[in-house]
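Asker: Sharing coords-v7.txt (compact mmCIF, C-alpha atoms) below.
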```
# COMPACT_ATOMS: atom_id res chain seq x y z
CA MET A 1 0.00 0.00 0.00
CA HIS A 2 0.91 3.62 -0.51
CA ILE A 3 0.24 5.40 2.80
CA LEU A 4 0.39 9.16 3.34
CA GLU A 5 0.79 10.34 6.94
CA ILE A 6 -0.30 13.82 8.08
CA PRO A 7 0.67 14.90 11.61
CA SER A 8 -0.99 17.74 13.49
CA PHE A 9 2.28 18.29 15.37
CA PHE A 10 5.86 17.66 14.35
CA PRO A 11 9.32 18.52 15.71
CA PRO A 12 10.24 20.79 17.39
CA TYR A 13 6.77 20.48 18.99
CA GLY A 14 6.55 16.73 19.58
CA GLY A 15 4.59 14.50 17.24
CA LEU A 16 7.20 11.76 16.94
CA PHE A 17 4.39 9.20 17.30
CA CYS A 18 3.66 9.87 13.62
CA LEU A 19 7.23 9.05 12.65
CA GLU A 20 7.25 5.92 14.82
CA GLN A 21 4.06 4.53 13.29
CA SER A 22 5.35 5.43 9.81
CA ARG A 23 8.48 3.38 10.45
CA ALA A 24 6.37 0.48 11.73
CA LEU A 25 4.25 0.54 8.56
CA ALA A 26 7.30 0.87 6.29
CA ALA A 27 8.83 -2.18 7.99
CA CYS A 28 5.72 -4.11 6.88
CA GLY A 29 6.61 -3.39 3.27
CA HIS A 30 4.42 -0.35 2.57
CA THR A 31 5.39 2.87 0.84
CA VAL A 32 5.04 5.51 3.55
CA ARG A 33 5.70 9.24 3.41
CA ILE A 34 4.84 12.14 5.70
CA VAL A 35 3.49 15.56 4.74
CA ALA A 36 4.19 17.91 7.67
CA ASN A 37 3.19 21.54 7.94
CA VAL A 38 4.74 22.91 11.15
CA ASN A 39 3.01 25.91 12.72
CA LEU A 40 5.90 27.74 14.37
CA SER A 41 5.45 29.74 17.57
CA LEU A 42 7.21 33.07 17.99
CA LYS A 43 7.03 32.72 21.78
CA GLN A 44 8.26 29.13 22.07
CA THR A 45 10.93 29.05 19.35
CA PRO A 46 11.72 32.64 18.26
CA TRP A 47 14.89 31.81 16.29
CA HIS A 48 13.21 28.94 14.46
CA TYR A 49 10.25 31.25 13.75
CA LEU A 50 12.46 33.89 12.14
CA ALA A 51 14.42 31.32 10.11
CA ALA A 52 11.32 29.40 8.96
CA HIS A 53 11.48 27.33 5.74
CA THR A 54 8.19 28.49 4.23
CA ARG A 55 8.64 26.44 1.07
CA SER A 56 8.32 22.67 0.99
CA ARG A 57 11.51 20.64 1.24
CA VAL A 58 12.09 16.90 1.32
CA LEU A 59 13.94 15.41 4.30
CA GLN A 60 14.84 11.93 5.45
CA MET A 61 13.97 11.14 9.08
CA ASP A 62 14.82 7.66 10.34
CA GLY A 63 14.45 6.28 6.83
CA ILE A 64 11.08 7.97 6.18
CA GLU A 65 10.71 10.60 3.46
CA VAL A 66 9.17 13.78 4.91
CA VAL A 67 7.79 16.65 2.85
CA ARG A 68 8.07 19.51 5.34
CA ARG A 69 6.99 23.14 5.27
CA GLU A 70 7.04 25.67 8.09
CA MET A 71 4.43 28.31 8.76
CA ARG A 72 4.82 31.41 10.92
CA GLY A 73 1.77 31.43 13.17
CA VAL A 74 0.30 34.86 13.95
CA PRO A 75 0.22 35.35 17.74
CA ARG A 76 -3.28 35.26 19.28
CA CYS A 77 -4.95 34.53 15.91
CA LEU A 78 -6.14 30.96 16.44
CA TYR A 79 -8.90 30.96 13.81
CA TYR A 80 -6.66 32.48 11.15
CA ASN A 81 -3.76 30.13 11.91
CA SER A 82 -6.01 27.06 11.86
CA ARG A 83 -7.55 27.93 8.50
CA LYS A 84 -4.16 28.78 7.01
CA TRP A 85 -2.65 25.54 8.33
CA VAL A 86 -5.43 23.41 6.82
CA HIS A 87 -5.30 25.12 3.44
CA THR A 88 -1.51 24.82 3.36
CA VAL A 89 -1.75 21.08 4.05
CA MET A 90 -4.33 20.69 1.29
CA ASP A 91 -1.98 22.46 -1.13
CA MET A 92 0.94 20.29 0.00
CA VAL A 93 -1.07 17.11 -0.55
CA ASN A 94 -2.15 18.23 -4.02
CA ARG A 95 1.49 18.82 -4.94
CA TYR A 96 2.42 15.49 -3.35
CA VAL A 97 -0.12 13.62 -5.49
CA ALA A 98 1.19 15.33 -8.62
CA GLN A 99 4.72 14.13 -7.81
CA TYR A 100 4.22 10.73 -6.15
CA GLY A 101 0.77 9.65 -7.25
CA CYS A 102 -2.39 9.17 -5.22
CA PRO A 103 -1.98 7.25 -1.96
CA ASP A 104 -4.23 4.33 -1.12
CA ILE A 105 -5.08 5.77 2.29
CA ILE A 106 -4.37 8.89 4.34
CA HIS A 107 -3.46 8.49 8.00
CA ALA A 108 -3.89 11.64 10.11
CA HIS A 109 -2.58 12.06 13.63
CA CYS A 110 -5.03 14.00 15.82
CA CYS A 111 -8.25 15.38 14.44
CA LYS A 112 -7.22 18.94 15.28
CA TRP A 113 -6.25 19.74 12.59
CA ALA A 114 -4.69 16.95 10.54
CA GLY A 115 -7.90 14.90 10.67
CA TYR A 116 -9.96 17.78 9.35
CA ALA A 117 -7.38 18.50 6.62
CA ALA A 118 -7.46 14.81 5.63
CA MET A 119 -11.24 14.98 5.34
CA ARG A 120 -11.04 18.03 3.07
CA VAL A 121 -8.41 16.35 0.89
CA CYS A 122 -10.46 13.14 0.63
CA GLU A 123 -13.47 15.08 -0.60
CA GLU A 124 -11.45 15.42 -3.83
CA LEU A 125 -9.35 12.25 -3.78
CA PRO A 126 -10.96 8.77 -4.12
CA VAL A 127 -9.27 7.42 -0.98
CA PRO A 128 -10.33 6.86 2.65
CA TYR A 129 -8.74 8.53 5.66
CA VAL A 130 -8.26 7.40 9.24
CA ILE A 131 -7.46 9.44 12.35
CA THR A 132 -5.23 8.23 15.15
CA GLU A 133 -6.28 10.31 18.15
CA HIS A 134 -3.72 11.18 20.79
CA LEU A 135 -5.04 14.40 22.36
CA PRO A 136 -6.47 14.06 25.90
CA TYR A 137 -9.47 15.84 27.34
CA ASP A 138 -7.45 18.37 29.31
CA ILE A 139 -5.66 19.66 26.19
CA LEU A 140 -8.82 19.83 24.06
CA SER A 141 -10.90 21.43 26.84
CA ARG A 142 -8.41 24.30 27.21
CA GLU A 143 -9.33 25.42 23.72
CA LEU A 144 -12.92 24.20 23.37
CA GLY A 145 -14.18 24.80 26.91
CA PRO A 146 -15.09 22.06 29.41
CA GLU A 147 -18.16 20.88 27.47
CA GLY A 148 -17.29 22.00 23.97
CA GLY A 149 -20.34 24.26 23.97
CA GLU A 150 -20.41 26.81 21.19
CA ALA A 151 -16.70 26.60 20.37
CA TRP A 152 -16.27 27.30 16.66
CA GLN A 153 -13.94 24.28 16.26
CA VAL A 154 -16.49 21.67 17.37
CA PRO A 155 -18.54 21.31 14.13
CA TYR A 156 -15.36 20.88 12.10
CA LEU A 157 -14.00 18.22 14.43
CA LYS A 158 -17.29 16.31 14.65
CA ARG A 159 -17.57 16.26 10.89
CA ALA A 160 -14.00 14.98 10.46
CA TYR A 161 -14.55 12.21 13.04
CA LYS A 162 -17.87 11.15 11.51
CA GLN A 163 -16.62 10.98 7.91
CA ALA A 164 -13.40 9.13 8.77
CA ALA A 165 -13.29 5.51 7.66
CA LEU A 166 -12.10 4.78 11.21
CA VAL A 167 -10.87 6.66 14.27
CA LEU A 168 -8.06 4.97 16.18
CA PRO A 169 -7.78 6.27 19.75
CA VAL A 170 -4.55 5.13 21.40
CA ALA A 171 -6.68 4.16 24.41
CA GLY A 172 -10.35 3.22 24.35
CA GLU A 173 -11.03 5.38 27.42
CA LEU A 174 -10.24 8.46 25.34
CA VAL A 175 -13.54 8.14 23.45
CA GLU A 176 -15.64 8.58 26.59
CA SER A 177 -13.24 11.17 27.98
CA ILE A 178 -13.71 13.59 25.06
CA ALA A 179 -17.37 12.73 24.35
CA SER A 180 -18.62 15.93 26.04
CA LEU A 181 -16.48 17.92 23.61
CA VAL A 182 -16.91 16.15 20.25
CA GLY A 183 -19.58 13.48 20.79
CA THR A 184 -19.30 9.81 19.86
CA ASP A 185 -20.90 9.70 16.39
CA TYR A 186 -18.04 7.90 14.65
CA ASN A 187 -16.55 4.45 14.20
CA TRP A 188 -13.51 3.72 16.32
CA MET A 189 -11.10 0.98 17.34
CA GLU A 190 -8.31 1.19 19.91
CA VAL A 191 -4.76 0.81 18.56
CA SER A 192 -1.74 1.38 20.76
CA ASN A 193 1.14 3.67 19.98
CA THR A 194 4.49 1.98 19.56
CA ILE A 195 7.59 2.03 21.73
CA ASP A 196 11.09 0.89 20.83
CA VAL A 197 11.12 -2.43 22.65
CA ASP A 198 14.61 -3.21 21.34
CA PHE A 199 15.99 0.01 22.80
CA PHE A 200 14.05 -0.38 26.07
CA ALA A 201 14.98 -4.04 26.26
CA TYR A 202 14.62 -6.26 29.30
CA LYS A 203 17.42 -6.08 31.85
CA GLU A 204 17.52 -8.16 35.00
CA ARG A 205 17.79 -6.27 38.31
CA ARG A 206 18.19 -7.70 41.77
CA LEU A 207 17.71 -5.92 45.07
CA MET A 208 20.90 -6.55 47.01
CA GLU A 209 21.10 -6.47 50.78
CA ASN A 210 21.68 -2.95 52.14
CA GLN A 211 21.06 -1.51 48.68
CA PRO A 212 18.43 1.28 48.43
CA TYR A 213 15.18 0.39 46.67
CA THR A 214 15.41 2.71 43.66
CA ILE A 215 12.22 4.37 42.38
CA CYS A 216 12.18 6.36 39.17
CA CYS A 217 9.83 8.99 37.73
CA VAL A 218 10.23 10.62 34.31
CA ALA A 219 7.67 13.37 33.72
CA ASP A 220 7.65 17.12 33.19
CA PHE A 221 7.23 19.23 36.29
CA VAL A 222 3.63 20.31 35.67
CA PRO A 223 0.59 20.02 38.00
CA ARG A 224 -1.10 17.15 36.15
CA LYS A 225 1.93 14.87 36.65
CA GLY A 226 1.31 14.94 40.42
CA TYR A 227 4.76 15.52 41.90
CA ASP A 228 3.04 17.06 44.93
CA VAL A 229 1.60 13.57 45.54
CA LEU A 230 4.60 11.53 44.39
CA LEU A 231 7.04 12.85 47.00
CA PRO A 232 4.81 12.28 50.06
CA MET A 233 3.79 8.92 48.59
CA VAL A 234 7.41 7.77 48.44
CA LYS A 235 8.01 9.15 51.93
CA ARG A 236 5.02 7.17 53.21
CA PHE A 237 6.33 4.04 51.46
CA MET A 238 9.62 4.43 53.30
CA MET A 239 7.70 4.42 56.58
CA LEU A 240 5.70 1.34 55.55
CA SER A 241 8.66 -0.71 54.31
CA GLY A 242 11.41 0.50 56.61
CA ILE A 243 13.96 0.22 53.83
CA PRO A 244 16.22 2.91 52.34
CA VAL A 245 15.00 4.47 49.10
CA ARG A 246 16.66 6.31 46.23
CA LEU A 247 14.28 8.47 44.15
CA LEU A 248 15.39 9.37 40.62
CA ILE A 249 13.43 12.18 38.92
CA ALA A 250 13.80 13.50 35.37
CA GLY A 251 11.79 15.67 33.02
CA LYS A 252 11.49 19.26 31.90
CA GLY A 253 11.48 21.59 34.89
CA THR A 254 12.55 18.97 37.41
CA GLN A 255 15.69 20.95 38.30
CA SER A 256 13.73 24.16 38.85
CA LYS A 257 13.65 26.13 42.08
CA ALA A 258 10.00 25.13 42.58
CA MET A 259 10.85 21.43 42.27
CA LYS A 260 13.78 21.72 44.66
CA ALA A 261 11.53 23.55 47.13
CA LEU A 262 8.98 20.73 46.91
CA VAL A 263 11.69 18.16 47.64
CA ARG A 264 12.85 20.17 50.67
CA GLN A 265 9.28 20.62 51.88
CA ASN A 266 8.89 16.84 52.00
CA GLY A 267 12.27 16.28 53.65
CA MET A 268 13.50 14.18 50.71
CA GLU A 269 16.75 15.98 49.81
CA ALA A 270 19.03 13.18 51.02
CA CYS A 271 17.45 10.46 48.88
CA THR A 272 16.35 12.35 45.72
CA GLU A 273 18.28 12.95 42.50
CA LEU A 274 16.93 15.61 40.12
CA HIS A 275 18.14 15.13 36.53
CA GLY A 276 16.14 17.71 34.57
CA LYS A 277 15.26 17.05 30.94
CA VAL A 278 16.96 13.96 29.51
CA ASP A 279 17.00 12.28 26.10
CA LYS A 280 15.93 8.69 25.48
CA TYR A 281 19.37 7.41 26.47
CA GLY A 282 19.03 9.24 29.78
CA VAL A 283 15.56 7.75 30.29
CA ARG A 284 16.87 4.24 29.66
CA ASP A 285 19.80 4.77 31.99
CA LEU A 286 17.48 5.84 34.81
CA LEU A 287 15.16 2.89 34.18
CA TYR A 288 18.06 0.43 34.23
CA ARG A 289 19.17 1.87 37.57
CA SER A 290 15.69 1.45 39.06
CA HIS A 291 13.61 -1.30 40.67
CA CYS A 292 10.24 0.44 40.14
CA PHE A 293 8.66 3.32 38.22
CA ALA A 294 6.09 5.62 39.87
CA LEU A 295 3.84 8.25 38.29
CA ALA A 296 1.18 10.00 40.41
CA THR A 297 -0.48 11.48 37.33
CA ARG A 298 -3.89 13.17 37.25
CA SER A 299 -4.54 12.94 33.50
CA GLU A 300 -3.21 10.69 30.73
CA VAL A 301 -4.23 9.09 27.45
CA GLN A 302 -1.50 6.49 27.00
CA PRO A 303 1.67 7.33 28.95
CA LEU A 304 4.39 5.67 26.89
CA VAL A 305 6.96 6.02 29.65
CA LEU A 306 5.05 3.40 31.65
CA LEU A 307 5.28 1.00 28.71
CA GLU A 308 8.99 1.76 28.36
CA ALA A 309 9.55 1.06 32.06
CA MET A 310 7.68 -2.26 31.94
CA SER A 311 9.49 -3.17 28.71
CA THR A 312 12.78 -2.99 30.64
CA GLY A 313 11.31 -5.37 33.23
CA ILE A 314 10.31 -3.23 36.21
CA PRO A 315 6.80 -2.75 37.66
CA VAL A 316 5.02 0.58 37.56
CA VAL A 317 2.78 2.28 40.10
CA SER A 318 0.29 4.87 38.91
CA THR A 319 -3.28 6.15 39.21
CA GLU A 320 -6.78 5.31 38.03
CA VAL A 321 -6.38 7.47 34.90
CA ILE A 322 -4.10 4.86 33.31
CA PRO A 323 -5.93 3.04 30.47
CA ALA A 324 -6.88 -0.62 30.84
CA SER A 325 -4.50 -1.64 28.04
CA GLU A 326 -1.51 -0.67 30.19
CA ARG A 327 -2.67 -2.45 33.35
CA ILE A 328 -0.51 -5.52 32.85
CA ARG A 329 -1.24 -8.07 35.57
CA GLY A 330 1.62 -8.36 38.03
CA GLY A 331 3.39 -5.35 36.53
CA CYS A 332 1.06 -2.35 36.85
CA PHE A 333 -0.16 -1.35 40.33
CA ILE A 334 -2.99 1.17 40.44
CA GLY A 335 -3.80 3.47 43.37
CA LYS A 336 -6.38 6.21 43.75
CA THR A 337 -5.68 9.55 42.12
CA ASP A 338 -4.47 12.22 44.58
CA ASP A 339 -4.46 9.64 47.40
CA VAL A 340 -1.03 9.40 49.04
CA GLU A 341 -1.92 6.45 51.27
CA SER A 342 -3.48 4.40 48.46
CA LEU A 343 -0.51 4.95 46.15
CA ALA A 344 2.00 4.21 48.92
CA GLN A 345 0.23 0.90 49.54
CA GLN A 346 0.50 0.03 45.84
CA LEU A 347 4.17 0.96 45.87
CA TYR A 348 4.63 -1.42 48.79
CA ALA A 349 2.74 -4.16 46.88
CA ALA A 350 5.08 -3.64 43.91
CA TYR A 351 8.08 -3.89 46.23
CA GLN A 352 6.83 -7.11 47.78
CA GLY A 353 6.02 -9.01 44.61
CA GLY A 354 6.06 -6.99 41.41
CA TRP A 355 9.65 -6.88 40.29
CA ASP A 356 10.45 -10.59 40.13
CA GLN A 357 8.22 -11.06 37.05
CA GLY A 358 10.33 -8.80 34.87
CA LYS A 359 10.87 -11.02 31.85
CA ALA A 360 7.19 -11.94 31.49
CA LEU A 361 6.27 -8.28 31.95
CA SER A 362 8.65 -7.22 29.20
CA GLN A 363 7.22 -9.85 26.84
CA ALA A 364 3.68 -8.60 27.51
CA ILE A 365 4.71 -5.08 26.43
CA VAL A 366 6.31 -6.46 23.25
CA ALA A 367 2.97 -8.12 22.43
CA LEU A 368 1.12 -4.83 23.02
CA ALA A 369 3.26 -2.02 21.68
CA SER A 370 6.18 -3.29 19.61
CA PRO A 371 6.50 -1.71 16.14
CA GLN A 372 6.04 -5.15 14.57
CA VAL A 373 2.73 -5.81 16.36
CA VAL A 374 1.29 -2.31 15.84
CA GLY A 375 2.52 -2.16 12.26
CA GLN A 376 0.82 -5.45 11.40
CA GLU A 377 -2.40 -4.37 13.14
CA LEU A 378 -2.51 -1.09 11.22
CA SER A 379 -1.65 -2.87 7.97
CA MET A 380 -4.57 -5.26 8.37
CA LEU A 381 -7.00 -2.46 9.20
CA PHE A 382 -5.81 -0.24 6.35
CA ARG A 383 -6.12 -3.05 3.78
CA GLN A 384 -9.67 -3.76 4.91
CA LEU A 385 -10.62 -0.08 4.77
CA VAL A 386 -9.07 0.43 1.32
CA GLU A 387 -10.84 -2.64 -0.08
CA GLN A 388 -14.18 -1.58 1.43
CA HIS A 389 -13.77 1.95 0.06
CA ARG A 390 -13.07 0.64 -3.42
CA ARG A 391 -16.12 -1.65 -3.28
CA ASN A 392 -18.26 1.32 -2.22
CA LEU A 393 -16.97 3.42 -5.11
CA SER A 394 -17.60 0.58 -7.55
CA ASN A 395 -21.18 0.12 -6.31
CA ARG A 396 -21.91 3.84 -6.83
CA GLN A 397 -20.81 3.75 -10.47
```
Transcribe the structure of this file into structure tokens.

Answerer:
Amino acid sequence: MHILEIPSFFPPYGGLFCLEQSRALAACGHTVRIVANVNLSLKQTPWHYLAAHTRSRVLQMDGIEVVRREMRGVPRCLYYNSRKWVHTVMDMVNRYVAQYGCPDIIHAHCCKWAGYAAMRVCEELPVPYVITEHLPYDILSRELGPEGGEAWQVPYLKRAYKQAALVLPVAGELVESIASLVGTDYNWMEVSNTIDVDFFAYKERRLMENQPYTICCVADFVPRKGYDVLLPMVKRFMMLSGIPVRLLIAGKGTQSKAMKALVRQNGMEACTELHGKVDKYGVRDLLYRSHCFALATRSEVQPLVLLEAMSTGIPVVSTEVIPASERIRGGCFIGKTDDVESLAQQLYAAYQGGWDQGKALSQAIVALASPQVVGQELSMLFRQLVEQHRRNLSNRQ
């Protein structure tokens, strides 16, 4: 198949999930390219904004051909920027088709706005489109309001969801979570994101006598990640277990004055290491040094760092917002959100019996989120959708 990927976000603003799924599909033998229009922010990346490449150029990223263009977003002009972004993508796809031919299917990442752009494109092209949805309720509600209401974006998003051949939320719980914003009038099927299971490979750890029990957390220092719960939770665990603990923390903002003050406030200076933002090698190093991963999060769709931790063979402790697909038996311990005592008890349960099942836990993650598994699942779905679309077109003629 010839598959065209359209991301709503792309580096330097995240969106690597599009590249990862593209690589997984290419490994299955498909022709896969990405058309990426990057809406640059003057506030977030001023130098990049000024040096924007406003004409399309072709790049190679991890073996995937990317047709990339950059757009200077106008500050505080959301409606204008959204319309311009969509029309630019439509123009890029038209030029793409003229050069590479018509794809068999278009795969958009996030409805806002790649999904809507894919819908507009497919009104002219005889191909179906699918939307992989990654955006959680808390991000959408910031722009649409808590119930969607009269937000101007809502009709566009609902239409794009409804007309999609299939919507692929990365966690089934996302559908209900965003229903108050965009409804549920669309066909959907849960398909996991991928993680690099070869990079985050299993590694045996043993807790040696007199060695601290090492707990790791990798998350940005923002309120929804729950660091104000994590620190007292670990402190309470120390009281329950009576063993020494080493807490390793990494993520954007985790070396800030506010984070250091929170550590001091909980009396955890002696046992806590703050690493700040780290790359994937830094994440793996911290995981390999740890016996357990803890995340006291308040809102998630599919936290890939939990999958990465379990892939290396350590249990994870988190909250009720974690989707069912990640709750691997014997490897994922769930406590109540914002409940220090409940989470400390789950951390103790993980300490008592969760980390000796590491190899089986790692294998379960491979079966869920490896590029091979997800690539094959997407391939099967896309073939079915393309064949059904062609039958529908033939019946109309």

Asker: Figure out the distance between CA of Ile6 in chain A and CA of Arg83 in chain A, please, to one decimal in Å.

Answerer: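 For CA of Arg83 in chain A relative to CA of Ile6 in chain A, the distance reads 15.9 Å.
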
Asker: Excluding range 159-162 of chain A and its own-chain neighbours fewer than 3 positions away, which residues fall within 9 Å of it when counting only C-alpha atoms? Please give them as a tab-separated table (two decimals) with C-alpha atoms, in the coordinates of the input.

Answerer:
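To be explicit, this is the file written out as out_19.tsv:
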```tsv
chain	number	residue	atom	x	y	z
A	111	CYS	CA	-8.25	15.38	14.44
A	115	GLY	CA	-7.90	14.90	10.67
A	116	TYR	CA	-9.96	17.78	9.35
A	117	ALA	CA	-7.38	18.50	6.62
A	118	ALA	CA	-7.46	14.81	5.63
A	119	MET	CA	-11.24	14.98	5.34
A	120	ARG	CA	-11.04	18.03	3.07
A	130	VAL	CA	-8.26	7.40	9.24
A	131	ILE	CA	-7.46	9.44	12.35
A	154	VAL	CA	-16.49	21.67	17.37
A	155	PRO	CA	-18.54	21.31	14.13
A	156	TYR	CA	-15.36	20.88	12.10
A	165	ALA	CA	-13.29	5.51	7.66
A	166	LEU	CA	-12.10	4.78	11.21
A	167	VAL	CA	-10.87	6.66	14.27
A	182	VAL	CA	-16.91	16.15	20.25
A	184	THR	CA	-19.30	9.81	19.86
A	185	ASP	CA	-20.90	9.70	16.39
A	186	TYR	CA	-18.04	7.90	14.65
A	187	ASN	CA	-16.55	4.45	14.20
```

Asker: Anything within 6 Å of (8.2, -8.6, 35.2): list those residues as a list in words, counting all atoms listed in the file and sticking to the file's coordinates.

Answerer: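 Within the cut-off we find Gly313, Ile314, Gly331, Trp355, Asp356, Gln357, Gly358, Lys359, Ala360 and Leu361 of chain A.
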
Asker: Between A:Phe237, A:Tyr129, A:Phe9, A:Phe199, which has the minimum distance to Leu168 in chain A (counting all atoms listed in the file)?

Answerer: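 The answer is A:Tyr129, which sits nearest to Leu168 in chain A.
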
Asker: Which residues come within 10 Å of Gly253 in chain A, counting all atoms listed in the file, excluding same-chain residues fewer than 3 positions away, as a ChimeraX atom specification?

Answerer: /A:219-222,250,256-259,274-277

Asker: Would you list the contacts of Ile178 in chain A as a compact mmCIF listing (two decimals) with C-alpha atoms, keeping the file's coordinate frame, taking every protein, DNA or RNA residue within 9 Å and counting only C-alpha atoms, but skipping same-chain residues closer than 6 positions in sequence?

Answerer:
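File produced: result-v2.txt:
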```
# COMPACT_ATOMS: atom_id res chain seq x y z
CA PRO A 136 -6.47 14.06 25.90
CA TYR A 137 -9.47 15.84 27.34
CA ASP A 138 -7.45 18.37 29.31
CA LEU A 140 -8.82 19.83 24.06
CA SER A 141 -10.90 21.43 26.84
CA GLU A 147 -18.16 20.88 27.47
CA THR A 184 -19.30 9.81 19.86
```
